[in-house]
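To start, the structure under review is shown below, and the notes come after it.
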Amino acid sequence: MIKTIVLALSDSITCGEIEEFKKNYPEIDIKEIDINEIDRIKFLEKGTLSECMLITDCVDCYLFSEDYKIPYLIYFHEGNRNCSFEKAKYGIETLHMLELQFLERVYQRFKGIPWKIIETKRCIIREITVNDVEALYEIYKDPKITEFTEDLLNDMDEEKEYTRQYIRTVYAFYEFGMWIIEDIKTGELIGRAG
């Protein structure tokens, strides 16, 4: 999960906003980097980039994040409204109201980590991954499974590609869909629901 948040923000953002943001996340290492020195992020201690999220209002910093596959949020304000952040998937307009769950979920989307939807005493309900497809084929061998629901595609490779597209489009856009049900004790996939 997120261990470090790098703030690469212009002078348009007040120190008060940044300090308020820092107070909300005492468990996360928050670093500030001058937007003109974004290359410095490459030299953060080993391992930081793999558990890092960047929050920026600068096009160069956003492009840097795209190039290095670093999860990021764009901070939109009057000073950058006319800038192009065309590939950006997530943006914010305030720092102080961000919730940790939102930050974690954005991070998970960037990293391809399935969201855990619900955890009960016996089960975890979570988003599907391509790795789940083979186990679904085992479950769907029983014809009763598809008596009242849609079957899987005949070709497993096609089903895997369908799953990749589903993850990219349905989860990313709607934030819900078909989910996997796992036995909490064994980690075994026992079904899907949605």
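Chain identifiers are assigned as A, B, and so on, following the order in which chains appear in the structure tokens; residues are numbered from 1 within each chain, and ligands are numbered from 1 in order of appearance.
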
- Task: Output as a PyMOL selection string all residues of region 39-101 of chain A that backbone DSSP marks as helix (DSSP H, G or I).
- Result: chain A and resi 39-43+49-51+59-68+78-80+100-101

If you count only C-alpha atoms, which residues fall within 10 Å of Ile5 (chain A), apart from same-chain ones fewer than 4 positions away, as a PDB file with C-alpha atoms, in the first residue's frame?
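Dumped to result-v1.pdb:
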```pdb
ATOM      1  CA  LYS A  22       0.180  16.264   6.331  1.00  0.00           C
ATOM      2  CA  TYR A  25      -1.792  11.202   7.349  1.00  0.00           C
ATOM      3  CA  ILE A  28       2.486   8.093   5.647  1.00  0.00           C
ATOM      4  CA  ASP A  29       5.862   9.600   4.764  1.00  0.00           C
ATOM      5  CA  ILE A  30       5.031  12.837   2.937  1.00  0.00           C
ATOM      6  CA  LYS A  31       7.797  14.461   0.921  1.00  0.00           C
ATOM      7  CA  GLU A  32       7.703  17.791  -0.868  1.00  0.00           C
ATOM      8  CA  THR A  48      10.167   4.219  -2.318  1.00  0.00           C
ATOM      9  CA  LEU A  49       8.948   4.407  -5.916  1.00  0.00           C
ATOM     10  CA  GLU A  51       5.014   2.265  -2.762  1.00  0.00           C
ATOM     11  CA  CYS A  52       4.760   5.914  -3.752  1.00  0.00           C
ATOM     12  CA  MET A  53       1.963   8.186  -4.959  1.00  0.00           C
ATOM     13  CA  LEU A  54       2.542  11.602  -6.494  1.00  0.00           C
ATOM     14  CA  ILE A  55       0.154  14.518  -6.093  1.00  0.00           C
ATOM     15  CA  PRO A  71       0.455   6.368  -9.260  1.00  0.00           C
ATOM     16  CA  TYR A  72      -0.637   9.995  -9.208  1.00  0.00           C
ATOM     17  CA  LEU A 103      -5.888   7.443  -1.970  1.00  0.00           C
TER      18      LEU A 103
END
```

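Using only C-alpha atoms for every distance, the candidate list A:Phe21, A:Phe64, A:Tyr166, A:Tyr140 yields A:Tyr140 as the residue closest to Leu189 (chain A).
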
- Shell around Asn131 (chain A) at 12 Å using only C-alpha atoms, local window under 3 positions removed, as a list of chain:residue names: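 Counting only the stated atoms, we get A:Ile113, A:Pro114, A:Glu127, A:Ile128, A:Glu134, A:Ala135, A:Leu136, A:Tyr137, A:Met156, A:Asp157, A:Glu159, A:Lys160, A:Glu161, A:Thr163, A:Arg164, A:Ile180, A:Leu189.
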
Create the file for the chosen residues now, containing N, CA, C and O atoms and written as a compact mmCIF listing (two decimals), in the first residue's frame.
```txt
# COMPACT_ATOMS: atom_id res chain seq x y z
N ILE A 113 -4.08 -3.75 -8.51
CA ILE A 113 -4.41 -4.54 -7.32
C ILE A 113 -5.94 -4.54 -7.16
O ILE A 113 -6.55 -3.48 -7.12
N PRO A 114 -6.56 -5.72 -7.10
CA PRO A 114 -8.03 -5.75 -6.97
C PRO A 114 -8.49 -5.17 -5.64
O PRO A 114 -7.86 -5.39 -4.61
N GLU A 127 -12.58 -7.78 -6.30
CA GLU A 127 -12.59 -7.70 -7.76
C GLU A 127 -11.86 -8.90 -8.36
O GLU A 127 -10.96 -9.47 -7.74
N ILE A 128 -12.24 -9.22 -9.56
CA ILE A 128 -11.63 -10.36 -10.28
C ILE A 128 -10.25 -9.97 -10.81
O ILE A 128 -9.98 -8.79 -11.04
N GLU A 134 -8.94 -19.38 -14.50
CA GLU A 134 -8.80 -20.84 -14.51
C GLU A 134 -9.64 -21.49 -13.41
O GLU A 134 -10.30 -22.51 -13.64
N ALA A 135 -9.62 -20.91 -12.22
CA ALA A 135 -10.42 -21.45 -11.12
C ALA A 135 -11.91 -21.35 -11.43
O ALA A 135 -12.69 -22.23 -11.05
N LEU A 136 -12.32 -20.31 -12.11
CA LEU A 136 -13.74 -20.19 -12.50
C LEU A 136 -14.14 -21.31 -13.45
O LEU A 136 -15.24 -21.85 -13.35
N TYR A 137 -13.25 -21.67 -14.36
CA TYR A 137 -13.56 -22.78 -15.27
C TYR A 137 -13.77 -24.08 -14.50
O TYR A 137 -14.63 -24.89 -14.87
N MET A 156 -10.71 -20.31 -23.08
CA MET A 156 -10.18 -19.67 -21.87
C MET A 156 -9.37 -18.42 -22.19
O MET A 156 -9.43 -17.43 -21.44
N ASP A 157 -8.61 -18.42 -23.28
CA ASP A 157 -7.83 -17.23 -23.64
C ASP A 157 -8.74 -16.04 -23.96
O ASP A 157 -8.44 -14.90 -23.60
N GLU A 159 -11.71 -15.65 -22.66
CA GLU A 159 -12.26 -15.24 -21.35
C GLU A 159 -11.25 -14.38 -20.60
O GLU A 159 -11.62 -13.40 -19.95
N LYS A 160 -9.98 -14.74 -20.68
CA LYS A 160 -8.94 -13.93 -20.02
C LYS A 160 -8.86 -12.54 -20.63
O LYS A 160 -8.73 -11.55 -19.91
N GLU A 161 -8.94 -12.46 -21.94
CA GLU A 161 -8.91 -11.14 -22.60
C GLU A 161 -10.16 -10.34 -22.24
O GLU A 161 -10.09 -9.15 -21.98
N THR A 163 -11.77 -10.60 -19.48
CA THR A 163 -11.55 -10.19 -18.08
C THR A 163 -10.63 -8.98 -18.02
O THR A 163 -10.88 -8.05 -17.25
N ARG A 164 -9.56 -8.97 -18.80
CA ARG A 164 -8.65 -7.81 -18.85
C ARG A 164 -9.42 -6.54 -19.23
O ARG A 164 -9.26 -5.49 -18.60
N ILE A 180 -15.32 -11.67 -7.21
CA ILE A 180 -14.90 -13.02 -6.84
C ILE A 180 -15.17 -13.22 -5.35
O ILE A 180 -15.00 -12.31 -4.55
N LEU A 189 -10.97 -19.89 -4.39
CA LEU A 189 -12.06 -19.19 -5.07
C LEU A 189 -13.28 -20.11 -5.03
O LEU A 189 -13.20 -21.26 -5.46
```

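Our summary of the geometry notes that CA of Lys89 (chain A) is positioned 15.7 Å from CA of Tyr68 (chain A).
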
- Task: May I ask which of the residues A:Gly194, A:Arg81, A:Arg40, A:Cys123 is the closest one to Thr149 (chain A), counting only C-alpha atoms?
- Result: A:Gly194

- Correct to one decimal, the distance CA of Arg105 (chain A)-CA of Ile35 (chain A) is 24.9 Å

- Item | Those of region 12-165 of chain A in DSSP strand (DSSP E), formatted as JSON, numbers by chain | {"A": [29, 30, 31, 32, 52, 53, 54, 55, 56, 72, 73, 74, 75, 91, 92, 116, 117, 118, 119, 123, 124, 125, 126, 127]}

Since we have the selection now, will you write its residues out, keeping N, CA, C and O atoms, as a compact mmCIF listing (two decimals), in the first residue's frame?
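The file below, result.txt, is the result:
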```txt
# COMPACT_ATOMS: atom_id res chain seq x y z
N ASP A 29 4.73 8.71 4.97
CA ASP A 29 5.86 9.60 4.76
C ASP A 29 5.50 10.56 3.64
O ASP A 29 5.29 10.13 2.50
N ILE A 30 5.40 11.84 3.94
CA ILE A 30 5.03 12.84 2.94
C ILE A 30 6.25 13.70 2.64
O ILE A 30 6.83 14.31 3.53
N LYS A 31 6.64 13.70 1.36
CA LYS A 31 7.80 14.46 0.92
C LYS A 31 7.33 15.55 -0.02
O LYS A 31 6.43 15.34 -0.83
N GLU A 32 7.98 16.70 0.06
CA GLU A 32 7.70 17.79 -0.87
C GLU A 32 8.89 17.94 -1.81
O GLU A 32 10.03 17.93 -1.37
N CYS A 52 4.85 4.46 -3.74
CA CYS A 52 4.76 5.91 -3.75
C CYS A 52 3.56 6.38 -4.57
O CYS A 52 3.18 5.74 -5.55
N MET A 53 2.98 7.51 -4.16
CA MET A 53 1.96 8.19 -4.96
C MET A 53 2.39 9.65 -5.07
O MET A 53 2.87 10.23 -4.11
N LEU A 54 2.20 10.21 -6.25
CA LEU A 54 2.54 11.60 -6.49
C LEU A 54 1.26 12.42 -6.58
O LEU A 54 0.30 11.99 -7.22
N ILE A 55 1.26 13.56 -5.94
CA ILE A 55 0.15 14.52 -6.09
C ILE A 55 0.78 15.77 -6.69
O ILE A 55 1.72 16.33 -6.12
N THR A 56 0.28 16.17 -7.86
CA THR A 56 0.89 17.30 -8.55
C THR A 56 -0.15 18.15 -9.26
O THR A 56 -1.25 17.69 -9.56
N TYR A 72 -0.59 8.55 -9.44
CA TYR A 72 -0.64 9.99 -9.21
C TYR A 72 -2.07 10.50 -9.16
O TYR A 72 -3.00 9.85 -9.65
N LEU A 73 -2.20 11.68 -8.58
CA LEU A 73 -3.43 12.46 -8.61
C LEU A 73 -3.09 13.83 -9.15
O LEU A 73 -2.04 14.39 -8.79
N ILE A 74 -3.94 14.37 -9.98
CA ILE A 74 -3.76 15.74 -10.46
C ILE A 74 -4.55 16.67 -9.55
O ILE A 74 -5.73 16.43 -9.28
N TYR A 75 -3.90 17.71 -9.07
CA TYR A 75 -4.54 18.73 -8.26
C TYR A 75 -4.95 19.86 -9.21
O TYR A 75 -4.13 20.58 -9.73
N GLY A 91 -8.36 13.06 -10.43
CA GLY A 91 -8.01 14.42 -10.07
C GLY A 91 -8.73 14.84 -8.81
O GLY A 91 -9.72 14.23 -8.40
N ILE A 92 -8.20 15.88 -8.19
CA ILE A 92 -8.78 16.43 -6.97
C ILE A 92 -8.80 17.94 -7.06
O ILE A 92 -8.11 18.53 -7.90
N LYS A 116 -10.68 -4.96 -2.37
CA LYS A 116 -11.46 -5.82 -1.50
C LYS A 116 -12.77 -5.09 -1.24
O LYS A 116 -12.78 -3.95 -0.77
N ILE A 117 -13.87 -5.74 -1.55
CA ILE A 117 -15.18 -5.10 -1.43
C ILE A 117 -15.75 -5.32 -0.03
O ILE A 117 -16.15 -4.37 0.63
N ILE A 118 -15.77 -6.57 0.41
CA ILE A 118 -16.33 -6.92 1.72
C ILE A 118 -15.52 -8.07 2.29
O ILE A 118 -15.10 -8.96 1.55
N GLU A 119 -15.35 -8.07 3.60
CA GLU A 119 -14.76 -9.22 4.27
C GLU A 119 -15.69 -9.62 5.40
O GLU A 119 -16.07 -8.80 6.23
N CYS A 123 -15.65 -15.22 4.31
CA CYS A 123 -15.37 -14.93 2.90
C CYS A 123 -14.79 -13.54 2.69
O CYS A 123 -15.00 -12.64 3.49
N ILE A 124 -14.09 -13.43 1.58
CA ILE A 124 -13.67 -12.13 1.06
C ILE A 124 -14.34 -11.99 -0.31
O ILE A 124 -14.28 -12.91 -1.13
N ILE A 125 -14.95 -10.85 -0.53
CA ILE A 125 -15.49 -10.52 -1.84
C ILE A 125 -14.59 -9.43 -2.39
O ILE A 125 -14.37 -8.41 -1.75
N ARG A 126 -14.05 -9.70 -3.58
CA ARG A 126 -13.10 -8.76 -4.17
C ARG A 126 -13.26 -8.72 -5.68
O ARG A 126 -13.96 -9.54 -6.27
N GLU A 127 -12.58 -7.78 -6.30
CA GLU A 127 -12.59 -7.70 -7.76
C GLU A 127 -11.86 -8.90 -8.36
O GLU A 127 -10.96 -9.47 -7.74
```

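Between Thr169 (chain A) and the residues A:Asp151, A:Pro26, A:Glu37, A:Arg109, the shortest atom-to-atom distance, using only C-alpha atoms, involves A:Arg109.
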
- Can you tell me, as an MDAnalysis selection string, what residues are no more than 10 Å from Glu27 (chain A) when counting only C-alpha atoms, ignoring any on the same chain fewer than 3 positions away? chainID A and resid 2:4 22:24 30

- Determine the nearest neighbour of Met97 (chain A) from the options A:Asp11, A:Gly187, A:Glu138, A:Glu20, counting only C-alpha atoms. A:Glu20

- Query: Do you know which residues are at most 8 Å from Val59 (chain A) counting only C-alpha atoms, after dropping those on the same chain fewer than 2 positions away, and could you put them as a VMD selection string?
  - Reply: chain A and resid 57 61 to 63 83 to 85

- Query: For Asn36 (chain A), which of A:Ile184, A:Met178, A:Leu9, A:Cys15 is the closest residue, counting only C-alpha atoms?
  - Reply: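 Selected residue with least distance to Asn36 (chain A): A:Leu9.
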